[in-house]
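Structure file final.pdb; described as PDB, C-alpha atoms.
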ATOM      1  CA  MET A   1      79.184  -2.917 156.702
ATOM      2  CA  ILE A   2      79.624  -6.234 158.400
ATOM      3  CA  GLU A   3      77.359  -6.521 161.417
ATOM      4  CA  PRO A   4      78.032  -7.872 164.906
ATOM      5  CA  GLY A   5      77.332 -11.576 165.089
ATOM      6  CA  THR A   6      78.600 -12.208 161.559
ATOM      7  CA  PRO A   7      81.528 -14.602 161.120
ATOM      8  CA  ILE A   8      84.465 -13.075 159.296
ATOM      9  CA  PRO A   9      84.639 -14.661 155.837
ATOM     10  CA  GLU A  10      87.789 -16.150 154.378
ATOM     11  CA  ILE A  11      90.194 -13.263 153.818
ATOM     12  CA  THR A  12      93.752 -12.765 152.691
ATOM     13  CA  LEU A  13      95.722  -9.653 153.535
ATOM     14  CA  LYS A  14      99.462  -9.065 153.297
ATOM     15  CA  ARG A  15     101.603  -8.397 156.351
ATOM     16  CA  GLY A  16     104.527  -6.035 156.140
ATOM     17  CA  ASP A  17     106.895  -8.961 155.531
ATOM     18  CA  GLY A  18     104.834 -10.171 152.583
ATOM     19  CA  THR A  19     103.298 -13.182 154.310
ATOM     20  CA  ASP A  20      99.585 -13.805 154.314
ATOM     21  CA  PHE A  21      97.220 -12.825 157.098
ATOM     22  CA  THR A  22      94.065 -14.907 156.948
ATOM     23  CA  ARG A  23      90.941 -15.615 158.931
ATOM     24  CA  ALA A  24      92.894 -18.194 160.920
ATOM     25  CA  ASP A  25      95.080 -15.397 162.285
ATOM     26  CA  LEU A  26      92.035 -13.876 163.958
ATOM     27  CA  GLU A  27      91.186 -16.961 165.951
ATOM     28  CA  GLY A  28      91.953 -17.244 169.641
ATOM     29  CA  LYS A  29      92.291 -13.560 170.367
ATOM     30  CA  THR A  30      90.321 -10.339 170.304
ATOM     31  CA  THR A  31      91.269  -8.267 167.273
ATOM     32  CA  VAL A  32      90.656  -4.613 166.442
ATOM     33  CA  LEU A  33      90.821  -3.947 162.702
ATOM     34  CA  VAL A  34      91.329  -0.253 161.964
ATOM     35  CA  PHE A  35      90.355   0.420 158.346
ATOM     36  CA  TYR A  36      91.764   3.713 157.096
ATOM     37  CA  PRO A  37      91.767   5.494 153.712
ATOM     38  CA  PHE A  38      95.365   6.412 152.951
ATOM     39  CA  ALA A  39      98.822   6.102 154.467
ATOM     40  CA  PHE A  40     100.382   9.501 155.117
ATOM     41  CA  SER A  41      97.078  11.404 154.906
ATOM     42  CA  SER A  42      96.471  13.863 157.727
ATOM     43  CA  VAL A  43      93.494  12.256 159.465
ATOM     44  CA  CYS A  44      95.031   8.778 159.222
ATOM     45  CA  THR A  45      98.229  10.187 160.702
ATOM     46  CA  ASN A  46      96.315  11.645 163.622
ATOM     47  CA  GLN A  47      94.382   8.418 164.043
ATOM     48  CA  PHE A  48      97.443   6.202 164.369
ATOM     49  CA  ASN A  49      99.253   8.717 166.560
ATOM     50  CA  LEU A  50      96.295   8.660 168.950
ATOM     51  CA  TYR A  51      95.750   4.910 168.901
ATOM     52  CA  GLN A  52      99.469   4.339 169.445
ATOM     53  CA  GLU A  53      99.244   6.404 172.625
ATOM     54  CA  VAL A  54      96.547   4.104 174.041
ATOM     55  CA  LEU A  55      97.976   0.897 172.567
ATOM     56  CA  PRO A  56      99.283  -0.371 175.935
ATOM     57  CA  ASP A  57      95.778   0.001 177.352
ATOM     58  CA  LEU A  58      94.280  -1.871 174.407
ATOM     59  CA  GLN A  59      96.841  -4.630 174.784
ATOM     60  CA  GLN A  60      96.147  -4.783 178.502
ATOM     61  CA  ARG A  61      92.527  -5.287 177.552
ATOM     62  CA  GLY A  62      93.623  -8.297 175.528
ATOM     63  CA  ALA A  63      93.147  -6.693 172.124
ATOM     64  CA  THR A  64      95.491  -6.987 169.164
ATOM     65  CA  VAL A  65      95.265  -3.984 166.853
ATOM     66  CA  TYR A  66      95.935  -3.929 163.102
ATOM     67  CA  GLY A  67      95.726  -1.119 160.568
ATOM     68  CA  VAL A  68      94.162  -2.088 157.232
ATOM     69  CA  SER A  69      94.286  -0.075 154.020
ATOM     70  CA  CYS A  70      94.553  -0.612 150.274
ATOM     71  CA  ASP A  71      98.053   0.854 150.236
ATOM     72  CA  ALA A  72     100.939  -1.374 149.217
ATOM     73  CA  ARG A  73     102.684  -2.993 152.183
ATOM     74  CA  TYR A  74     105.830  -0.983 151.478
ATOM     75  CA  SER A  75     103.836   2.252 151.755
ATOM     76  CA  GLN A  76     102.248   1.097 155.002
ATOM     77  CA  THR A  77     105.627   0.212 156.449
ATOM     78  CA  ALA A  78     107.061   3.593 155.473
ATOM     79  CA  PHE A  79     104.006   5.246 157.006
ATOM     80  CA  ILE A  80     104.297   3.690 160.454
ATOM     81  CA  ASP A  81     108.088   3.910 160.450
ATOM     82  CA  ARG A  82     107.821   7.632 159.877
ATOM     83  CA  LEU A  83     105.293   8.009 162.690
ATOM     84  CA  GLY A  84     107.094   5.750 165.113
ATOM     85  CA  VAL A  85     103.932   3.670 165.385
ATOM     86  CA  THR A  86     104.103  -0.046 166.199
ATOM     87  CA  ILE A  87     100.567  -1.046 165.201
ATOM     88  CA  GLU A  88     100.998  -3.806 162.622
ATOM     89  CA  GLN A  89      99.678  -3.034 159.165
ATOM     90  CA  LEU A  90      97.795  -5.300 156.761
ATOM     91  CA  SER A  91      97.565  -4.538 153.060
ATOM     92  CA  ASP A  92      94.441  -5.057 150.943
ATOM     93  CA  PHE A  93      96.317  -4.051 147.813
ATOM     94  CA  GLU A  94      95.731  -6.902 145.353
ATOM     95  CA  PRO A  95      93.080  -7.732 144.430
ATOM     96  CA  LYS A  96      92.506  -4.163 145.457
ATOM     97  CA  GLY A  97      90.043  -3.768 148.293
ATOM     98  CA  ALA A  98      88.851  -7.389 148.187
ATOM     99  CA  VAL A  99      88.709  -7.682 151.977
ATOM    100  CA  CYS A 100      87.232  -4.209 152.359
ATOM    101  CA  ARG A 101      84.498  -5.157 149.922
ATOM    102  CA  ALA A 102      83.862  -8.453 151.714
ATOM    103  CA  LEU A 103      83.417  -6.578 154.992
ATOM    104  CA  GLY A 104      81.381  -3.782 153.411
ATOM    105  CA  VAL A 105      83.861  -1.008 154.130
ATOM    106  CA  TYR A 106      85.051  -0.182 150.606
ATOM    107  CA  HIS A 107      84.502   3.437 149.621
ATOM    108  CA  GLU A 108      83.398   4.043 146.044
ATOM    109  CA  GLY A 109      86.356   6.399 145.721
ATOM    110  CA  GLY A 110      88.669   3.388 145.740
ATOM    111  CA  PHE A 111      89.828   3.290 149.359
ATOM    112  CA  PRO A 112      88.649   1.889 152.687
ATOM    113  CA  GLN A 113      86.044   3.697 154.664
ATOM    114  CA  ARG A 114      87.275   4.864 158.031
ATOM    115  CA  ALA A 115      85.902   1.963 160.024
ATOM    116  CA  LEU A 116      86.571  -0.169 163.070
ATOM    117  CA  VAL A 117      85.776  -3.864 163.386
ATOM    118  CA  ILE A 118      86.304  -5.871 166.551
ATOM    119  CA  VAL A 119      86.504  -9.622 166.014
ATOM    120  CA  GLY A 120      86.203 -12.068 168.870
ATOM    121  CA  PRO A 121      88.417 -15.111 169.442
ATOM    122  CA  ASP A 122      85.813 -17.216 167.618
ATOM    123  CA  GLY A 123      86.236 -15.203 164.424
ATOM    124  CA  VAL A 124      82.843 -13.537 164.802
ATOM    125  CA  VAL A 125      82.381  -9.769 164.624
ATOM    126  CA  GLN A 126      81.686  -8.372 168.090
ATOM    127  CA  TRP A 127      81.305  -4.724 167.095
ATOM    128  CA  SER A 128      81.640  -2.586 164.012
ATOM    129  CA  TYR A 129      81.609   1.122 163.364
ATOM    130  CA  GLN A 130      81.908   3.277 160.278
ATOM    131  CA  ALA A 131      82.707   6.959 160.682
ATOM    132  CA  PRO A 132      80.159   9.370 159.194
ATOM    133  CA  SER A 133      82.805  10.387 156.663
ATOM    134  CA  PRO A 134      86.439   9.446 155.995
ATOM    135  CA  ARG A 135      87.390  12.810 157.481
ATOM    136  CA  ASP A 136      85.925  11.892 160.868
ATOM    137  CA  LEU A 137      88.299  10.244 163.300
ATOM    138  CA  PRO A 138      86.656   7.832 165.759
ATOM    139  CA  GLY A 139      87.788   8.491 169.305
ATOM    140  CA  ALA A 140      89.692   5.742 171.060
ATOM    141  CA  ASN A 141      86.984   5.833 173.727
ATOM    142  CA  LEU A 142      84.640   4.085 171.296
ATOM    143  CA  ILE A 143      86.979   1.103 171.084
ATOM    144  CA  PHE A 144      87.181   0.841 174.862
ATOM    145  CA  ASP A 145      83.404   1.124 175.111
ATOM    146  CA  ALA A 146      83.072  -1.755 172.682
ATOM    147  CA  LEU A 147      85.703  -3.883 174.391
ATOM    148  CA  GLY A 148      84.004  -3.327 177.722
ATOM    149  CA  ALA A 149      80.522  -4.139 176.476
TER     150      ALA A 149
ATOM    151  CA  MET B   1      74.782  -4.561 197.348
ATOM    152  CA  ALA B   2      78.469  -3.832 196.978
ATOM    153  CA  ALA B   3      79.610  -2.154 193.788
ATOM    154  CA  PRO B   4      81.546  -4.452 191.467
ATOM    155  CA  PRO B   5      85.312  -3.897 191.404
ATOM    156  CA  ARG B   6      86.341  -1.301 188.847
ATOM    157  CA  ASP B   7      88.252  -2.475 185.840
ATOM    158  CA  PRO B   8      91.017   0.101 185.396
ATOM    159  CA  VAL B   9      91.042  -0.489 181.650
ATOM    160  CA  SER B  10      87.411   0.473 181.308
ATOM    161  CA  GLU B  11      88.380   3.913 182.572
ATOM    162  CA  LEU B  12      89.210   4.824 178.976
ATOM    163  CA  GLY B  13      85.603   4.289 177.975
ATOM    164  CA  SER B  14      83.428   7.260 177.133
ATOM    165  CA  ALA B  15      82.783   9.863 179.817
ATOM    166  CA  PRO B  16      82.108  13.584 179.736
ATOM    167  CA  ALA B  17      85.073  15.909 180.094
ATOM    168  CA  PRO B  18      85.419  16.593 183.824
ATOM    169  CA  PRO B  19      84.089  20.119 184.452
ATOM    170  CA  LEU B  20      86.702  21.441 186.893
ATOM    171  CA  ASN B  21      88.899  19.997 189.591
ATOM    172  CA  ASP B  22      91.356  21.304 192.152
ATOM    173  CA  GLU B  23      94.365  20.230 190.083
ATOM    174  CA  ASP B  24      93.308  22.128 186.966
ATOM    175  CA  HIS B  25      95.440  25.042 185.813
ATOM    176  CA  ARG B  26      93.092  27.977 185.443
ATOM    177  CA  ARG B  27      93.513  31.654 184.688
ATOM    178  CA  GLY B  28      91.463  34.580 183.446
ATOM    179  CA  PRO B  29      88.957  37.055 184.789
ATOM    180  CA  GLU B  30      86.258  35.755 187.130
ATOM    181  CA  GLY B  31      82.873  35.751 185.467
ATOM    182  CA  ALA B  32      84.256  35.454 181.939
ATOM    183  CA  PRO B  33      83.330  32.383 179.834
ATOM    184  CA  LEU B  34      85.361  29.397 181.012
ATOM    185  CA  LEU B  35      87.049  27.313 178.360
ATOM    186  CA  ILE B  36      88.669  23.943 178.982
ATOM    187  CA  GLN B  37      91.360  23.322 176.433
ATOM    188  CA  TYR B  38      93.092  20.005 175.740
ATOM    189  CA  ALA B  39      96.366  20.924 174.110
ATOM    190  CA  ASP B  40      99.886  19.841 173.274
ATOM    191  CA  PHE B  41     102.887  22.152 173.593
ATOM    192  CA  GLU B  42     104.338  20.896 170.317
ATOM    193  CA  CYS B  43     101.114  21.398 168.342
ATOM    194  CA  PRO B  44     101.297  24.452 166.071
ATOM    195  CA  PHE B  45      97.523  24.866 166.073
ATOM    196  CA  CYS B  46      97.654  25.083 169.875
ATOM    197  CA  ALA B  47     100.168  27.905 169.592
ATOM    198  CA  VAL B  48      97.856  29.765 167.233
ATOM    199  CA  ILE B  49      94.800  29.441 169.444
ATOM    200  CA  HIS B  50      96.912  30.358 172.473
ATOM    201  CA  ALA B  51      97.882  33.635 170.809
ATOM    202  CA  ARG B  52      94.283  34.369 169.883
ATOM    203  CA  LEU B  53      92.888  33.465 173.316
ATOM    204  CA  ALA B  54      95.427  35.716 174.986
ATOM    205  CA  ALA B  55      93.589  38.663 173.482
ATOM    206  CA  THR B  56      90.148  37.339 174.469
ATOM    207  CA  PRO B  57      88.451  37.877 177.841
ATOM    208  CA  VAL B  58      87.983  34.240 178.845
ATOM    209  CA  GLN B  59      88.953  31.991 181.706
ATOM    210  CA  LEU B  60      91.131  29.191 180.447
ATOM    211  CA  VAL B  61      91.702  25.765 181.921
ATOM    212  CA  PHE B  62      94.641  23.965 180.337
ATOM    213  CA  ARG B  63      94.728  20.179 180.180
ATOM    214  CA  HIS B  64      97.512  18.143 178.628
ATOM    215  CA  PHE B  65      96.903  16.021 175.547
ATOM    216  CA  PRO B  66     100.401  15.087 174.340
ATOM    217  CA  VAL B  67     100.686  12.510 171.557
ATOM    218  CA  ARG B  68     104.291  11.447 171.384
ATOM    219  CA  SER B  69     104.398   9.705 168.016
ATOM    220  CA  GLY B  70     103.195  12.879 166.327
ATOM    221  CA  HIS B  71     105.075  15.254 168.609
ATOM    222  CA  PRO B  72     108.082  13.519 170.139
ATOM    223  CA  ARG B  73     108.782  16.304 172.656
ATOM    224  CA  ALA B  74     105.167  16.858 173.683
ATOM    225  CA  TRP B  75     105.350  14.669 176.783
ATOM    226  CA  ALA B  76     108.625  16.215 177.896
ATOM    227  CA  ALA B  77     107.184  19.685 177.447
ATOM    228  CA  ALA B  78     104.014  18.782 179.336
ATOM    229  CA  CYS B  79     106.048  17.389 182.221
ATOM    230  CA  ALA B  80     108.233  20.501 182.201
ATOM    231  CA  ALA B  81     105.154  22.683 182.549
ATOM    232  CA  GLU B  82     103.922  20.582 185.461
ATOM    233  CA  ALA B  83     107.324  20.692 187.149
ATOM    234  CA  ALA B  84     107.314  24.471 186.758
ATOM    235  CA  GLY B  85     103.811  24.443 188.214
ATOM    236  CA  ASN B  86     105.160  22.711 191.316
ATOM    237  CA  GLN B  87     107.176  25.891 191.850
ATOM    238  CA  GLY B  88     104.213  28.138 191.099
ATOM    239  CA  ARG B  89     105.183  28.984 187.509
ATOM    240  CA  PHE B  90     102.955  26.779 185.361
ATOM    241  CA  TRP B  91     101.497  29.555 183.238
ATOM    242  CA  GLU B  92     104.856  31.223 182.719
ATOM    243  CA  MET B  93     106.282  27.950 181.417
ATOM    244  CA  HIS B  94     103.102  27.335 179.394
ATOM    245  CA  ASP B  95     103.453  30.695 177.682
ATOM    246  CA  SER B  96     107.161  30.197 177.129
ATOM    247  CA  LEU B  97     106.710  26.785 175.496
ATOM    248  CA  LEU B  98     103.926  27.906 173.175
ATOM    249  CA  ALA B  99     105.815  31.049 172.195
ATOM    250  CA  ASP B 100     108.739  29.044 170.804
ATOM    251  CA  GLN B 101     107.972  25.450 169.841
ATOM    252  CA  ALA B 102     111.250  24.991 167.988
ATOM    253  CA  ARG B 103     113.224  24.698 171.223
ATOM    254  CA  LEU B 104     111.861  21.850 173.296
ATOM    255  CA  GLU B 105     114.956  19.716 173.840
ATOM    256  CA  ASP B 106     116.265  19.250 177.381
ATOM    257  CA  PRO B 107     118.822  22.104 177.273
ATOM    258  CA  HIS B 108     116.045  24.412 176.063
ATOM    259  CA  LEU B 109     113.803  23.306 178.929
ATOM    260  CA  TRP B 110     116.606  23.908 181.439
ATOM    261  CA  ASP B 111     117.200  27.330 179.931
ATOM    262  CA  ARG B 112     113.524  28.215 180.211
ATOM    263  CA  ALA B 113     113.480  27.056 183.841
ATOM    264  CA  ARG B 114     116.580  29.105 184.595
ATOM    265  CA  ARG B 115     115.068  32.224 183.049
ATOM    266  CA  LEU B 116     111.906  31.725 185.123
ATOM    267  CA  GLY B 117     114.027  31.608 188.261
ATOM    268  CA  LEU B 118     113.158  28.022 189.114
ATOM    269  CA  ASP B 119     115.212  25.762 191.337
ATOM    270  CA  LEU B 120     116.811  23.905 188.458
ATOM    271  CA  HIS B 121     117.691  20.713 190.308
ATOM    272  CA  ARG B 122     114.200  20.405 191.683
ATOM    273  CA  PHE B 123     112.686  21.204 188.268
ATOM    274  CA  ASP B 124     114.751  18.543 186.548
ATOM    275  CA  ALA B 125     114.015  15.889 189.161
ATOM    276  CA  GLU B 126     110.301  16.602 189.265
ATOM    277  CA  ARG B 127     109.747  16.766 185.513
ATOM    278  CA  ARG B 128     110.994  13.170 185.346
ATOM    279  CA  SER B 129     109.028  12.018 188.391
ATOM    280  CA  ASP B 130     106.229   9.476 188.474
ATOM    281  CA  ALA B 131     103.948  12.026 190.115
ATOM    282  CA  VAL B 132     104.317  14.525 187.283
ATOM    283  CA  THR B 133     103.923  11.816 184.639
ATOM    284  CA  ALA B 134     100.774  10.625 186.375
ATOM    285  CA  ARG B 135      99.439  14.187 186.456
ATOM    286  CA  VAL B 136      99.911  14.602 182.691
ATOM    287  CA  ARG B 137      98.506  11.154 182.017
ATOM    288  CA  ARG B 138      95.400  11.965 184.058
ATOM    289  CA  ASP B 139      94.621  14.893 181.789
ATOM    290  CA  PHE B 140      95.324  12.872 178.659
ATOM    291  CA  ARG B 141      93.082  10.020 179.727
ATOM    292  CA  SER B 142      90.227  12.356 180.603
ATOM    293  CA  GLY B 143      90.530  13.746 177.077
ATOM    294  CA  VAL B 144      90.470  10.290 175.506
ATOM    295  CA  ARG B 145      87.342   9.469 177.473
ATOM    296  CA  ALA B 146      85.716  12.698 176.295
ATOM    297  CA  GLY B 147      86.392  11.737 172.682
ATOM    298  CA  VAL B 148      89.274  14.127 172.068
ATOM    299  CA  VAL B 149      91.093  12.979 168.933
ATOM    300  CA  GLY B 150      93.407  15.902 168.294
ATOM    301  CA  THR B 151      94.486  19.262 169.544
ATOM    302  CA  PRO B 152      93.431  21.839 170.352
ATOM    303  CA  ALA B 153      90.100  20.538 171.634
ATOM    304  CA  VAL B 154      88.018  23.170 173.362
ATOM    305  CA  PHE B 155      85.094  22.787 175.744
ATOM    306  CA  LEU B 156      82.926  25.552 177.169
ATOM    307  CA  LEU B 157      81.872  25.116 180.775
ATOM    308  CA  ASP B 158      78.141  25.673 180.694
ATOM    309  CA  GLY B 159      76.749  25.419 184.209
ATOM    310  CA  GLY B 160      78.398  22.277 185.516
ATOM    311  CA  THR B 161      78.808  20.674 182.120
ATOM    312  CA  ALA B 162      81.743  20.881 179.729
ATOM    313  CA  VAL B 163      80.304  21.237 176.224
ATOM    314  CA  ARG B 164      82.566  20.544 173.233
ATOM    315  CA  LEU B 165      82.936  23.491 170.888
ATOM    316  CA  GLY B 166      83.379  23.014 167.165
ATOM    317  CA  LYS B 167      85.344  25.437 165.036
ATOM    318  CA  ALA B 168      82.393  27.800 164.737
ATOM    319  CA  GLY B 169      81.865  27.788 168.488
ATOM    320  CA  VAL B 170      85.507  28.564 169.141
ATOM    321  CA  GLU B 171      85.344  31.406 166.644
ATOM    322  CA  ARG B 172      82.301  32.818 168.416
ATOM    323  CA  VAL B 173      84.173  32.781 171.705
ATOM    324  CA  LEU B 174      87.184  34.420 170.114
ATOM    325  CA  ALA B 175      84.877  37.055 168.680
ATOM    326  CA  GLY B 176      83.704  37.820 172.200
ATOM    327  CA  SER B 177      80.467  35.902 172.371
ATOM    328  CA  ALA B 178      80.151  32.532 174.070
ATOM    329  CA  ALA B 179      76.641  31.991 172.753
TER     330      ALA B 179
END

Here is the file; what I need is its structure written in the form of structure tokens.
Amino acid sequence: MIEPGTPIPEITLKRGDGTDFTRADLEGKTTVLVFYPFAFSSVCTNQFNLYQEVLPDLQQRGATVYGVSCDARYSQTAFIDRLGVTIEQLSDFEPKGAVCRALGVYHEGGFPQRALVIVGPDGVVQWSYQAPSPRDLPGANLIFDALGA
Amino acid sequence: MAAPPRDPVSELGSAPAPPLNDEDHRRGPEGAPLLIQYADFECPFCAVIHARLAATPVQLVFRHFPVRSGHPRAWAAACAAEAAGNQGRFWEMHDSLLADQARLEDPHLWDRARRLGLDLHRFDAERRSDAVTARVRRDFRSGVRAGVVGTPAVFLLDGGTAVRLGKAGVERVLAGSAA
């Protein structure tokens, strides 16, 4: 997967409102990209429930958090609406997984690996982590460790 | 050289689960294996392990790990247990909540408090207080730092260290062996 020190390449993801999210949207702030396999799956549900609980702390730390999956934006919106989660979602639906592939987090099963990427205000990866398996949920402590490093 | 000022945000970085402290809720026979459990009163898996642990000779320390987006009444239930604890009835409220997770709305909490003989006005004021919220949050944050990602999460106190138990480890404890 993409290594720390690597600039994020040109990317295009879809926001929930259908507008584009590109590399330019990463600039000027610290961004946590949460790649997850499937909306509505059990581990992804637990992951966003947990991260939502610590979202104020992440925001206080100056981080903006996004969820990224290959689900359609409508599915992502339904997912977070059902959970009551406010973490903005970005869709890598078409061409399917293009951003995941570019960042080296595309699972051969056709979905994102469960991975975390922190991008600095300069658009360069500060930290990246891929869970041992999509079933493993990275603790929020790992994100705070990385932000504090 | 003076220590650098602590960044309060960094306090969610990784740290071992605290072994024991004076504020912990603890029960069980002295000398039995001591388990530290991070749990959520609205979590069905927590209710299951609660029922199984009740029949197991262990000491149990309960720490709150409510996640409100998944369990919208978890925080209210946790605060209710703490408010009951202020009147010396934490474990009674704990058992009551886990025995019936379908009734966690405010009137249900008042009814539970009434049946436990609590001062209802004090209970209702304290469950909404900053002090009780801070108490629950302290547990939750210690769990986040220890890498807890869901409930129930169980640690075995081994010497002075809280060691995370996987499913197999929990089953061994439930079977009567902490090894």

Using only C-alpha atoms, I'd like a table of the residues in chain B that come within 6 Å of chain A; for each, show the closest atom pair and its distance in Å rounded to one decimal, ordered by chain and ascending number, as JSON lines.
{"residue": "B:Leu12", "atom": "CA", "partner": "A:Asn141", "partner_atom": "CA", "distance": 5.8}
{"residue": "B:Gly13", "atom": "CA", "partner": "A:Asn141", "partner_atom": "CA", "distance": 4.7}
{"residue": "B:Ser14", "atom": "CA", "partner": "A:Asn141", "partner_atom": "CA", "distance": 5.1}
{"residue": "B:Ser69", "atom": "CA", "partner": "A:Asn49", "partner_atom": "CA", "distance": 5.4}
{"residue": "B:Gly70", "atom": "CA", "partner": "A:Asn49", "partner_atom": "CA", "distance": 5.7}
{"residue": "B:Val144", "atom": "CA", "partner": "A:Asn141", "partner_atom": "CA", "distance": 5.9}
{"residue": "B:Arg145", "atom": "CA", "partner": "A:Asn141", "partner_atom": "CA", "distance": 5.2}
{"residue": "B:Gly147", "atom": "CA", "partner": "A:Gly139", "partner_atom": "CA", "distance": 4.9}
{"residue": "B:Val149", "atom": "CA", "partner": "A:Gly139", "partner_atom": "CA", "distance": 5.6}

ask   = To one decimal place, how far is CA of Lys96 in chain A from CA of Leu26 in chain A in Å?
value = 20.9 Å

task = In Å, rounded to a single decimal, give me how far CA of Thr151 in chain B is from CA of Gln37 in chain B.
result =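 Between these atoms lies a distance of 8.6 Å.
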
request  = Could you please determine the separation between CA of Trp127 in chain A and CA of Pro95 in chain A in Å, to one decimal place?
outcome  =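 Answer for the CA of Trp127 in chain A to CA of Pro95 in chain A separation: 25.7 Å.
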
Kindly list the centre and edge lengths in Å, rounded to one decimal, for the axis-aligned box that covers all listed atoms of range 116-130 of chain A plus 5 Å on each of its six sides, as lines of an AutoDock Vina configuration file.
center_x = 84.9
center_y = -7.0
center_z = 164.9
size_x = 17.1
size_y = 30.5
size_z = 19.2

task = Please provide as a list in words all residues within 9 Å of Val154 in chain B, with the sequence filter that same-chain residues fewer than 3 positions apart are discarded (counting all atoms listed in the file).
result = Leu35, Ile36, Gln37, Tyr38, Ala39, Thr151, Val163, Arg164, Leu165, Gly166 and Val170 of chain B

query = Which polymer residues have any atom within 9 Å of an atom of Ser129 in chain B, counting all atoms listed in the file, with same-chain residues fewer than 4 positions away left out, as a PyMOL selection string?
reply = chain B and resi 79+83+124-125+133-134

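The protein and nucleic acid residues lying at most 10 Å from Trp91 in chain B are His25, Arg26, Arg27, Phe62, Ala81, Glu82, Ala84, Gly85, Ser96 and Leu97 of chain B, with only C-alpha atoms considered and sequence neighbours fewer than 5 positions away removed.
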
key: Residues matched by the PyMOL selection byres ((chain B and resi 42) around 8), written as a list in words   = Asp40, Phe41, Cys43, Pro44, Cys46, His71, Arg73, Ala74, Ala77, Leu98 and Gln101 of chain B
